[in-house]
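J.: Below: one structure in structure tokens.
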Amino acid sequence: MPDELNTTVDFLIKKGITNPEAGIILGTGLGKMINEIEINQVIPYDEIPNFPVATVEFHHGRLIYGKLEGRKVLAMQGRFHYYEGYSLQQITFPVRVMKRLGIKYLLLSNAAGALNLNFRKGSLMLIEDHINFLPDNPLRGKNDDQLGPRFPDMSRPYSGFLNDKLISIAKAQNIALHKGVYIAVMGPNLETRAEYRMFRSFGDAVGMSTVPEVIVANHMNLPCAAVSVLTDECDPDNLEPVDINEIIKTAAIAETGLIVLFKNLIREIEL
């Protein structure tokens with residue numbers, strides 16, 4: 001890991017990526033944020049040493065470096081998932097790279113299904129906590145003490161400071177922002193009615209990403225915040241087959257509010 005990390009970081013520095021302040025990971029159907037960035041550098045994942053390559057067709061697979069609201073940002077346009085066949089260490093490797101390049105905080109987004117029946121598709125949910133149903137952990141194996149502690153604390157995996165800022169921005173901008181618990185599952189299949197019933201007793205939204213990156217961010221003492229775009233309603237008693245194209249369409253519409261939240265946060269924050 002240290003050798004791979006150094007190789008990738010050195011490569012990106014030579015490409016002109018220096019001192020980014022914020023990292024952004026854009027989830028399924030959430031790519032329009034890139035249009036808000038004053039882009040200095042675009043690097044496809046397949047050109048970056050040791051980076052996985054996104055295999056999902058609606059994930060572009062590009063690392064974007066530039067300015068957003070006057071701040072240097074490093075954005076992943078497309079992320080990696082466990083169901084694609086990658087290890088969780090591979091999936092979270094870009095987070096370690098961004099931290100080493102200098103980011104002070106990490107903003108994540110994802111598309112998720114609404115378990116809480118008071119939440120409607122097309123709305124946003126700020127993740128306050130999570131439950132990990134993935135069958136592995138990105139920290140499994142020998143620990144590198146230079147990256148983080150053997151047993152990182154997870155009592156507050158999402159930054160209270162960042163979350164409070166996002167709540168305040170949402171109120172000021174009149175954006176409906178739910179708060180809830182996100183459940184991470186392996187995928188790629190969606191859940192059965194019985195699984196939805198079980199998960200509803202645990203949390204408010206379910207998806208296939210984000211938690212591994214958050215675990216690694218905490219391991220490296222990197223503050224993070226995450227927002228789910230709720231793309232479908234997981235009511236087991238009135239369940240309809242889900243069309244992935246509808247999910248992408250809903251995510252694209254709801255992304256408008258997400259962009260406002262992230263832009264204002266990046267402009268206002270001082271760390």
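In the structure tokens, chains take letters A, B, ... by order of appearance, with residues numbered from 1 within each chain and ligands from 1 in the order shown.
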Env of Leu115 of chain A: 12 Å cut, atoms = only C-alpha atoms, seq-sep filter 2 positions within chain, self excluded. Answer as an MDAnalysis selection string.
T.: chainID A and resid 112:113 117:121 125 180:183 191 193 195:207 230:237 239
J.: Select from segment 82-206 of chain A everything DSSP, run on the backbone, classes as strand (DSSP E or B), then give the selection as a ChimeraX atom specification.
T.: /A:105-114,124-132,177-184,205-206
J.: Using only C-alpha atoms, tabulate the residues of segment 55-136 of chain A lying at most 9 Å from any atom of segment 1-18 of chain A, each with its closest atom pair and that distance in Å to one decimal, by chain and increasing residue number, as CSV.
T.:
residue,atom,partner,partner_atom,distance
A:Tyr65,CA,A:Ile17,CA,6.7
A:Gly66,CA,A:Ile17,CA,8.6
A:Lys72,CA,A:Thr18,CA,8.7
A:Leu74,CA,A:Ile17,CA,8.4
A:Phe93,CA,A:Leu5,CA,8.0
A:Arg96,CA,A:Leu5,CA,7.6
A:Val97,CA,A:Val9,CA,6.1
A:Met98,CA,A:Val9,CA,8.3
A:Arg100,CA,A:Val9,CA,7.1
A:Leu101,CA,A:Val9,CA,6.6
A:Gly102,CA,A:Thr18,CA,7.7
J.: Per DSSP on the backbone, filter segment 28-244 of chain A down to the residues in helix (DSSP H, G or I) and report them as a PyMOL selection string.
T.: chain A and resi 32-36+45-47+82-84+88-101+160-172+193-200+211-219+236-238+244
J.: Quick one: everything within 10 Å of Asn221 of chain A, counting only C-alpha atoms, minus sequence neighbours fewer than 6 positions away in the same chain. Send it as number ranges by chain.
T.: A: 99, 104-105, 147-149, 152-153, 157, 215
J.: Go ahead and compute the interatomic distance for atom CA of Met186 of chain A and atom CA of Glu240 of chain A, in Å to one decimal.
T.: 21.0 Å
J.: What gap, in Å, lies between atom CA of Ser168 of chain A and atom CA of Ala226 of chain A?
T.: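 Atom CA of Ser168 of chain A sits 15.0 Å away from atom CA of Ala226 of chain A.
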